[in-house]
Structures are given as structure tokens and as C-alpha cells.
file final_26.txt (compact mmCIF, C-alpha atoms)
# COMPACT_ATOMS: atom_id res chain seq x y z
CA GLY Q 1 55.22 62.46 137.28
CA GLN Q 2 55.52 59.73 134.69
CA PRO Q 3 55.70 56.09 135.91
CA THR Q 4 59.12 54.49 136.01
CA ASN Q 5 59.68 51.68 133.50
CA THR Q 6 61.05 48.69 135.44
CA ARG Q 7 61.31 46.42 132.43
CA VAL Q 8 64.77 44.85 132.09
CA SER Q 9 66.12 44.53 128.58
CA PRO Q 10 67.54 41.22 127.31
CA ILE Q 11 71.00 42.80 127.19
CA MET Q 12 70.82 43.66 130.91
CA LYS Q 13 69.73 40.11 131.69
CA ARG Q 14 72.74 38.72 129.88
CA LEU Q 15 75.09 41.14 131.62
CA PHE Q 16 73.77 41.01 135.16
CA GLY Q 17 71.63 37.92 135.04
CA GLY Q 18 67.95 37.53 135.86
CA LYS Q 19 66.34 36.38 139.05
CA LYS Q 20 67.23 32.75 139.57
CA GLU Q 21 64.78 30.27 141.01
CA ALA Q 22 65.78 28.79 144.35
CA PRO Q 23 66.81 25.12 144.11
CA PRO Q 24 64.45 22.63 145.74
CA ALA Q 25 65.16 21.78 149.33
CA PRO Q 26 66.93 18.46 149.79
CA THR Q 27 64.93 15.57 151.14
CA LEU Q 28 65.72 13.83 154.39
CA GLY Q 29 67.12 10.89 152.47
CA GLU Q 30 69.45 13.11 150.46
CA ALA Q 31 70.58 14.98 153.57
CA THR Q 32 71.23 11.69 155.37
CA ASP Q 33 73.31 10.38 152.46
CA THR Q 34 75.37 13.60 152.42
CA ALA Q 35 75.99 13.35 156.16
CA ASN Q 36 77.00 9.69 155.89
CA LYS Q 37 79.47 10.52 153.12
CA ARG Q 38 80.93 13.30 155.27
CA GLY Q 39 81.23 10.85 158.15
CA ALA Q 40 83.06 8.37 155.93
CA VAL Q 41 85.57 11.12 154.97
CA LEU Q 42 86.18 11.92 158.64
CA ASP Q 43 86.74 8.23 159.40
CA GLU Q 44 89.40 8.05 156.67
CA LYS Q 45 91.16 11.12 158.08
CA ILE Q 46 91.11 9.66 161.60
CA LYS Q 47 92.63 6.41 160.29
CA ALA Q 48 95.39 8.37 158.55
CA LEU Q 49 96.17 10.27 161.78
CA ASP Q 50 96.26 6.98 163.72
CA LYS Q 51 98.89 5.75 161.29
CA GLN Q 52 100.97 8.89 161.86
CA LEU Q 53 100.71 8.48 165.62
CA LEU Q 54 101.91 4.89 165.30
CA ASP Q 55 104.90 6.09 163.30
CA PHE Q 56 105.71 8.69 165.96
CA LYS Q 57 105.52 6.00 168.61
CA ASN Q 58 108.04 3.86 166.76
CA GLN Q 59 110.32 6.90 166.30
CA LEU Q 60 110.20 7.69 170.04
CA LYS Q 61 111.28 4.14 170.80
CA SER Q 62 114.32 4.43 168.54
CA THR Q 63 115.28 8.01 169.60
CA ARG Q 64 117.22 8.94 172.69
CA ALA Q 65 115.86 11.44 175.15
CA GLY Q 66 116.71 14.96 174.14
CA PRO Q 67 115.70 17.72 171.72
CA ALA Q 68 115.01 15.30 168.85
CA GLN Q 69 112.64 13.25 170.95
CA ASN Q 70 110.91 16.42 172.20
CA ARG Q 71 110.31 17.55 168.62
CA ILE Q 72 108.74 14.19 167.82
CA LYS Q 73 106.48 14.50 170.86
CA GLN Q 74 105.37 18.01 169.82
CA ARG Q 75 104.46 16.81 166.34
CA ALA Q 76 102.60 13.82 167.83
CA LEU Q 77 100.64 16.17 170.11
CA GLN Q 78 99.58 18.28 167.11
CA VAL Q 79 98.43 15.18 165.27
CA LEU Q 80 96.56 13.99 168.37
CA LYS Q 81 94.76 17.37 168.69
CA GLN Q 82 93.74 17.15 165.05
CA LYS Q 83 92.47 13.60 165.59
CA ARG Q 84 90.40 14.71 168.59
CA MET Q 85 88.88 17.51 166.50
CA TYR Q 86 87.90 15.09 163.73
CA GLU Q 87 86.47 12.67 166.26
CA GLY Q 88 84.34 15.46 167.77
CA GLN Q 89 83.06 16.41 164.32
CA ARG Q 90 82.29 12.78 163.56
CA ASP Q 91 80.36 12.36 166.82
CA GLN Q 92 78.32 15.50 166.14
CA LEU Q 93 77.63 14.30 162.61
CA SER Q 94 76.54 10.90 163.94
CA GLY Q 95 73.99 12.66 166.16
CA VAL Q 96 72.69 14.63 163.20
CA VAL Q 97 72.39 11.47 161.11
CA TRP Q 98 70.54 9.76 163.95
CA ASN Q 99 68.02 12.61 164.20
CA MET Q 100 67.45 12.64 160.45
CA GLU Q 101 66.94 8.89 160.38
CA GLN Q 102 64.35 9.21 163.15
CA ALA Q 103 62.61 11.97 161.20
CA THR Q 104 62.67 9.82 158.06
CA PHE Q 105 61.20 6.91 160.00
CA ALA Q 106 58.43 9.14 161.37
CA GLN Q 107 57.72 10.52 157.90
CA GLU Q 108 57.49 7.01 156.44
CA ASN Q 109 55.11 5.99 159.22
CA VAL Q 110 52.89 8.97 158.44
CA GLN Q 111 52.92 8.14 154.72
CA THR Q 112 52.06 4.53 155.52
CA ALA Q 113 49.19 5.66 157.73
CA ILE Q 114 47.89 7.93 154.97
CA HIS Q 115 48.10 5.07 152.47
CA VAL Q 116 46.24 2.74 154.83
CA VAL Q 117 43.55 5.34 155.53
CA ASP Q 118 43.04 5.95 151.79
CA ALA Q 119 42.74 2.21 151.19
CA MET Q 120 40.25 1.86 154.05
CA LYS Q 121 38.21 4.78 152.71
CA GLY Q 122 38.02 3.14 149.30
CA SER Q 123 37.04 -0.21 150.81
CA THR Q 124 34.40 1.44 153.01
CA ALA Q 125 32.90 3.25 150.04
CA ALA Q 126 32.80 0.03 148.01
CA LEU Q 127 31.23 -1.83 150.95
CA LYS Q 128 28.55 0.84 151.33
CA THR Q 129 27.74 0.59 147.63
CA GLU Q 130 27.42 -3.18 147.82
CA MET Q 131 25.36 -3.05 151.03
CA GLN Q 132 22.81 -0.86 149.28
CA LYS Q 133 22.01 -3.88 147.10
CA VAL Q 134 21.29 -6.02 150.16
CA HIS Q 135 18.08 -5.66 152.19
CA ILE Q 136 17.76 -7.44 155.51
CA ASP Q 137 13.98 -7.75 155.12
CA ASP Q 138 14.41 -9.52 151.79
CA ILE Q 139 16.88 -11.95 153.35
CA GLU Q 140 14.50 -12.73 156.23
CA ASP Q 141 11.59 -13.22 153.82
CA THR Q 142 13.72 -15.53 151.67
CA MET Q 143 14.74 -17.60 154.69
CA ASP Q 144 11.08 -17.85 155.82
CA ASP Q 145 10.04 -18.99 152.34
CA MET Q 146 12.84 -21.55 152.35
CA ALA Q 147 11.67 -22.90 155.73
CA ASP Q 148 8.09 -23.21 154.45
CA LEU Q 149 9.26 -25.00 151.32
CA LEU Q 150 11.33 -27.45 153.36
CA GLU Q 151 8.36 -28.15 155.61
CA ASP Q 152 6.13 -28.77 152.59
CA THR Q 153 8.78 -31.08 151.14
CA ASN Q 154 8.87 -33.11 154.37
CA GLU Q 155 5.08 -33.47 154.31
CA ILE Q 156 5.22 -34.64 150.70
CA ASN Q 157 7.89 -37.22 151.53
CA GLU Q 158 5.87 -38.53 154.47
CA ALA Q 159 2.79 -38.84 152.29
CA LEU Q 160 4.68 -40.68 149.56
CA SER Q 161 6.34 -43.09 152.01
CA ARG Q 162 3.11 -44.00 153.82
CA ASN Q 163 2.23 -47.74 153.56
CA TYR Q 164 -1.53 -48.20 153.37
CA ALA Q 165 -1.27 -52.02 153.47
CA LEU Q 166 -0.42 -52.01 157.17
CA GLU Q 167 -3.09 -51.91 159.80
CA GLU Q 168 -2.58 -48.97 162.07
CA ASP Q 169 -5.16 -50.00 164.69
CA ILE Q 170 -3.17 -52.90 166.21
CA ASP Q 171 -3.20 -52.66 169.99
CA GLU Q 172 -0.81 -54.05 172.58
CA ALA Q 173 -3.00 -57.09 173.29
CA GLU Q 174 -2.73 -58.28 169.70
CA LEU Q 175 0.99 -57.75 169.86
CA ASP Q 176 1.29 -59.89 173.00
CA ASP Q 177 -0.77 -62.67 171.38
CA GLU Q 178 1.43 -62.64 168.30
CA LEU Q 179 4.60 -62.85 170.37
CA ALA Q 180 3.16 -65.73 172.41
CA ALA Q 181 2.27 -67.62 169.23
CA ILE Q 182 5.78 -67.17 167.90
CA ASP Q 183 7.20 -68.45 171.19
CA GLU Q 184 5.02 -71.59 171.04
CA GLN Q 185 6.07 -72.22 167.44
CA LEU Q 186 9.73 -72.02 168.40
CA GLN Q 187 9.25 -74.45 171.32
CA LEU Q 188 7.43 -76.93 169.06
CA GLU Q 189 10.20 -76.87 166.50
CA ALA Q 190 12.74 -77.49 169.25
CA GLU Q 191 10.78 -80.56 170.50
CA LEU Q 192 10.52 -82.06 167.03
CA GLY Q 193 14.27 -81.84 166.60
CA GLU Q 194 16.48 -80.62 163.88
CA SER Q 195 16.72 -84.03 162.09
CA GLU Q 196 13.07 -84.17 161.08
CA THR Q 197 12.51 -82.78 157.65
CA PRO Q 198 9.81 -80.10 157.59
CA SER Q 199 6.76 -80.86 155.52
CA TYR Q 200 7.42 -78.02 153.14
CA LEU Q 201 10.75 -79.58 152.21
CA VAL Q 202 9.30 -83.05 151.36
CA ASP Q 203 9.26 -83.73 147.62
CA GLU Q 204 5.82 -84.91 146.51
CA GLU Q 205 7.17 -86.75 143.42
CA PRO Q 206 8.20 -90.46 144.03
CA GLN Q 207 11.89 -91.11 144.06
CA PRO Q 208 13.31 -93.79 141.66
CA ALA Q 209 13.82 -97.25 143.17
CA VAL Q 210 17.28 -98.25 144.21
CA PRO Q 211 18.42 -101.37 142.23
CA SER Q 212 18.92 -104.43 144.42
CA ALA Q 213 20.94 -106.49 141.98
CA GLU Q 214 24.46 -107.38 142.80
CA PRO Q 215 27.03 -105.26 141.06
CA ALA Q 216 28.56 -106.75 137.95
CA GLN Q 217 31.69 -108.72 138.44
CA PRO Q 218 34.79 -107.31 136.84
CA ALA Q 219 36.01 -109.04 133.70
CA ALA Q 220 38.66 -111.72 134.00
CA ALA Q 221 42.16 -111.11 132.84
CA GLY Q 222 42.40 -111.19 129.04
CA GLU Q 223 38.57 -111.09 128.61
CA GLN Q 224 37.09 -108.49 126.28
CA VAL Q 225 35.00 -105.78 127.89
CA ASP Q 226 32.62 -103.14 126.52
CA GLU Q 227 32.72 -99.42 127.00
CA PHE Q 228 31.17 -99.77 130.47
CA GLY Q 229 33.82 -102.27 131.67
CA LEU Q 230 31.47 -105.34 131.43
CA PRO Q 231 32.59 -108.63 129.81
CA VAL Q 232 31.49 -109.22 126.25
CA HIS Q 233 29.92 -112.65 125.61
CA ALA Q 234 30.29 -114.16 122.16

call {"tool": "encode", "arguments": {"input": "final_26.txt", "output": "C-alpha cells"}}
result
Amino acid sequence: GQPTNTRVSPIMKRLFGGKKEAPPAPTLGEATDTANKRGAVLDEKIKALDKQLLDFKNQLKSTRAGPAQNRIKQRALQVLKQKRMYEGQRDQLSGVVWNMEQATFAQENVQTAIHVVDAMKGSTAALKTEMQKVHIDDIEDTMDDMADLLEDTNEINEALSRNYALEEDIDEAELDDELAAIDEQLQLEAELGESETPSYLVDEEPQPAVPSAEPAQPAAAGEQVDEFGLPVHA
């Protein structure tokens, strides 16, 4: 037989609609937010029921025992049952929210671990690339060359600082004689005394003679004197 044509015309699509794509699944964060909003609605309803129960309590206080009071109690019991139902729903919803938060926490930990692993992989690859530029043998050869150069530098410095004017063949006997001579010199200077002027401090040039004349007498009162304070004779 001939094959069946399954093509849908545009008119049929407008009338009956085409195949719709499924909406994306909500994330854990979106589901948690929805559950928290639902929990907030239940809390508001429970607060409203608590207010009604408080009103019934005040009515029972002001109503005598009898049919009227019984009707108030029946209405309060209905409100209390409704409150218990909302509280049960809220507790179940709290457990669901707790589980979703734990799942979100686990998912974030996994994503963090993946991020860290990716970063470590990149760093390891970069380190391997850089290590290919470094050769341990070259480093050891460079350090050996540096040690040789430093040793050569020390030898050069020793050669440059050597004093050829000093005698290097002085023995201990000569040293003892020199020390003994210095000791004798010090003892001789101590015997001569500190007041005696050493010969190397004596001036060879003759010193001018000290005048023996009596100092000039000061001028009498009213007598003219010169610039040196001596009397002027006419």
C-alpha cells in the first residue's frame, strides 16, 4: 500500500497545537526558594488561626456555660484542627527545605572541587612547561664554575695583598731577642724619669738671651708717656 503522510498542516497546528518543548527542570536554588515561600504562607495562616483561638478564649471567659459556650468550643476545635494540619505541612516542608539545602551544599562543594582541580591542572601544565627550560646538570655546572671563579678571585686577592718588604724567615729566637730589647728600652726610660727631655726633642738652635735689666719704672702722675707706656724725656 501507499505510505501514510504524517505531515501536519499549519492549520492543524493552529487548531490543535504542535508538540511543546518541556520546560527546563528547576534548579535546587529555585526549588528551595519556592519551598521557603510556601513555608512563609503557612506561617501566616498559623498566626491567623492563633488570633482566632485567642478570640475564642476571650469569648469563653465572657460566656456562661451552656449551648452558646459549647458552640464556641466546637468552632475553636475546628480552628485548632486546621492549625495542627498547617503545622504538620510546615514541618514536612521544613524537612524538604533542609534536604534541598544539603543537596545544594554538596553540589557547591563538588563544583568548588572541580574548579580547584582545573586550576591545579593548569598550574601543573605551566610548571611542566617551565621546568623543561631548566636542566639540573646545567645548574650544577654553573655552580661549579662559580666556585672555581671565587677560588681564583681569592688567590688573586692574596697575591695582590702580599707584602714583599717583610722578611718571612724570622724565627722565634729573633722574636725573643726583639722583645727583650724592647723590655730593656722601657726599663731605661723609666730610670731616666719622665722629666728629662729626650734628645730628639732638644732644639739645636740657640735660644735668645733673657734680658737682665730691671723693668722700666712706670711714669709719674702727669708725666707724658709714649705708646709703650714709658716716660718721654724732653

call {"tool": "closest_residue", "arguments": {"input": "final_26.txt", "among": "Q:Leu60, Q:Val134, Q:Ile46, Q:Ala31", "to": "Arg75 of chain Q", "atoms": "all atoms listed in the file"}}
result
Q:Leu60

call {"tool": "closest_residue", "arguments": {"input": "final_26.txt", "among": "Q:Ala125, Q:Leu42, Q:Ile182, Q:Leu192", "to": "Asp91 of chain Q", "atoms": "only C-alpha atoms"}}
result
Q:Leu42

call {"tool": "atom_distance", "arguments": {"input": "final_26.txt", "atom1": "atom CA of Arg90 of chain Q", "atom2": "atom CA of Lys37 of chain Q"}}
result
11.0 Å

call {"tool": "residues_around", "arguments": {"input": "final_26.txt", "residues": "Lys83 of chain Q", "least_positions_apart": "2", "cutoff": "12 Å", "atoms": "all atoms listed in the file", "output": "MDAnalysis selection string"}}
result
chainID Q and resid 42:53 76:81 85:90

call {"tool": "atom_distance", "arguments": {"input": "final_26.txt", "atom1": "atom CA of Met131 of chain Q", "atom2": "atom CA of Val117 of chain Q"}}
result
20.5 Å

call {"tool": "residues_near_point", "arguments": {"input": "final_26.txt", "point": "(79.5, 8.5, 161.9)", "cutoff": "7 Å", "atoms": "only C-alpha atoms", "output": "PDB file with C-alpha atoms, keeping the file's coordinate frame"}}
result
ATOM      1  CA  ASN Q  36      77.000   9.690 155.890  1.00  0.00           C
ATOM      2  CA  GLY Q  39      81.230  10.850 158.150  1.00  0.00           C
ATOM      3  CA  ALA Q  40      83.060   8.370 155.930  1.00  0.00           C
ATOM      4  CA  ARG Q  90      82.290  12.780 163.560  1.00  0.00           C
ATOM      5  CA  ASP Q  91      80.360  12.360 166.820  1.00  0.00           C
ATOM      6  CA  LEU Q  93      77.630  14.300 162.610  1.00  0.00           C
ATOM      7  CA  SER Q  94      76.540  10.900 163.940  1.00  0.00           C
TER       8      SER Q  94
END

call {"tool": "atom_distance", "arguments": {"input": "final_26.txt", "atom1": "atom CA of Ala181 of chain Q", "atom2": "atom CA of Arg162 of chain Q"}}
result
28.2 Å

call {"tool": "closest_residue", "arguments": {"input": "final_26.txt", "among": "Q:Lys57, Q:Lys121, Q:Thr112, Q:Asp137", "to": "Gln69 of chain Q", "atoms": "all atoms listed in the file"}}
result
Q:Lys57
